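First comes the structure, then the notes that go with it.
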Amino acid sequence: MKSNEENHRENIKNKIGSRYLDADISRINFSEENKIKINDFIENPKNFLILLSCVGSGKTYFCASLLDALNKKINDFEVKYCKEKELSSFYSIASMDEKQINFTRSFDVLKNDLIVIDDFGCKIEGCFKEIIIDFIECRYNNCLPTVITTSLSKDQIKEFYGENIFNRLMASENKIISIENAIDLR
């Protein structure tokens, strides 16, 4: 039987990539204010933790390192990591006509203790927007810990997803980390 650490490393390798196996949150150069927000989330994971930063600035590395920190802190914590485009696999089309597509959840978005969505906002087209809105509302309404990384600005999130989703994401109980003028690390 595999240990919790072995399962964690296998999940990181399979879902995020072997490049991130040794991701360590202490290696990330965050401001003291942002370190406090991250540590608060690790100590008491609830609501949303959102990282806004440019492409190539280490958002996926951040996800892997955060999952590592949470794994060390909490045993039996069910985590689902995915890129935003994979969210559509949580849903199936229930009905469709010329004007509307109705979805049903094929995955219980309430089931996981923590869901990490990397690259939020990279697939904003057509009916996929409705899936994102349902997902955000479901997690928000149930105060479930959710981590989102995005290269979108706050204004772009508001423009693409609307005022309601923007307000849920930027609610005062959420931890928002906005890194402006970050450099591309690739």
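How things are named: the first chain in the structure tokens is A, the next is B, and so on; residues count from 1 in each chain; ligands count from 1 in the order shown.
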Just the residues within 6 Å of stretch 45-55 of chain A, please, counting only C-alpha atoms, with nothing from its chain fewer than 2 positions along; format it as a PDB file with C-alpha atoms, in the first residue's frame.
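Generated output (selection_0.pdb):
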ATOM      1  CA  PHE A  41      -5.421  29.284   3.346  1.00  0.00           C
ATOM      2  CA  ILE A  42      -3.102  26.345   4.108  1.00  0.00           C
ATOM      3  CA  SER A  57       5.034  33.675 -14.032  1.00  0.00           C
ATOM      4  CA  CYS A 143     -17.975  27.915   0.907  1.00  0.00           C
ATOM      5  CA  LEU A 144     -15.813  25.141  -0.535  1.00  0.00           C
ATOM      6  CA  PRO A 145     -12.064  25.689  -0.811  1.00  0.00           C
ATOM      7  CA  THR A 146     -11.179  26.427  -4.402  1.00  0.00           C
ATOM      8  CA  VAL A 147      -7.905  27.628  -5.855  1.00  0.00           C
ATOM      9  CA  ILE A 148      -7.910  29.506  -9.137  1.00  0.00           C
ATOM     10  CA  THR A 149      -4.944  30.758 -11.112  1.00  0.00           C
ATOM     11  CA  THR A 150      -5.403  33.073 -14.057  1.00  0.00           C
ATOM     12  CA  SER A 151      -3.541  35.404 -16.353  1.00  0.00           C
ATOM     13  CA  ASN A 174     -11.624  35.208  -0.485  1.00  0.00           C
ATOM     14  CA  LYS A 175      -7.859  35.525  -0.613  1.00  0.00           C
ATOM     15  CA  ILE A 176      -6.810  37.436  -3.718  1.00  0.00           C
ATOM     16  CA  ILE A 177      -3.175  37.579  -4.791  1.00  0.00           C
ATOM     17  CA  SER A 178      -2.532  39.912  -7.677  1.00  0.00           C
ATOM     18  CA  ILE A 179       1.024  40.025  -8.963  1.00  0.00           C
TER      19      ILE A 179
END
*Non-local contacts of stretch 155-168 of chain A (9 Å; only C-alpha atoms; under 5 positions in same chain excluded) as a list in words*: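 So the residues in contact are Gly121, Ile124, Lys129, Ile132, Ile133, Ile136, Glu137, Tyr140, Asn141 and Asn174 of chain A.
For A:Gly17, the residues within 10 Å (counting only C-alpha atoms, excluding itself and residues fewer than 6 positions away along the chain) are Arg9, Glu10, Asn11, Thr60, Tyr61 and Ala64 of chain A.
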*Long-range neighbours of A:Ile74 as a PyMOL selection string, 12 Å cut-off, only C-alpha atoms, 6 positions minimum in chain*: chain A and resi 4-5+8+42-45+66-68+113-114
*Can you list, as a VMD selection string, all residues belonging to stretch 3-162 of chain A that DSSP tags as strand (DSSP E)?*
chain A and resid 48 to 52 79 to 83 91 to 96 101 to 105 114 to 120 146 to 150
*Hey, what does DSSP flag as helix (DSSP H, G or I) within stretch 19-67 of chain A? Can you give it to me as a list of chain:residue names?*
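Answer for stretch 19-67 of chain A, restricted to helix (DSSP H, G or I): A:Arg19, A:Tyr20, A:Ile25, A:Ser26, A:Arg27, A:Glu32, A:Glu33, A:Asn34, A:Lys35, A:Ile36, A:Lys37, A:Ile38, A:Asn39, A:Asp40, A:Phe41, A:Ile42, A:Glu43, A:Lys59, A:Thr60, A:Tyr61, A:Phe62, A:Cys63, A:Ala64, A:Ser65, A:Leu66, A:Leu67.
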*Smallest atom-to-atom distance to A:Gly58: which of A:Ile25, A:Ile117, A:Ile131, A:Ile12, using only C-alpha atoms?*
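Looking only at the distances to A:Gly58, the closest residue turns out to be A:Ile25.
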*Record the distance separating atom CA of A:Lys154 and atom CA of A:Leu169, expressed in Å with one decimal.*
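These two atoms are separated by 9.6 Å.
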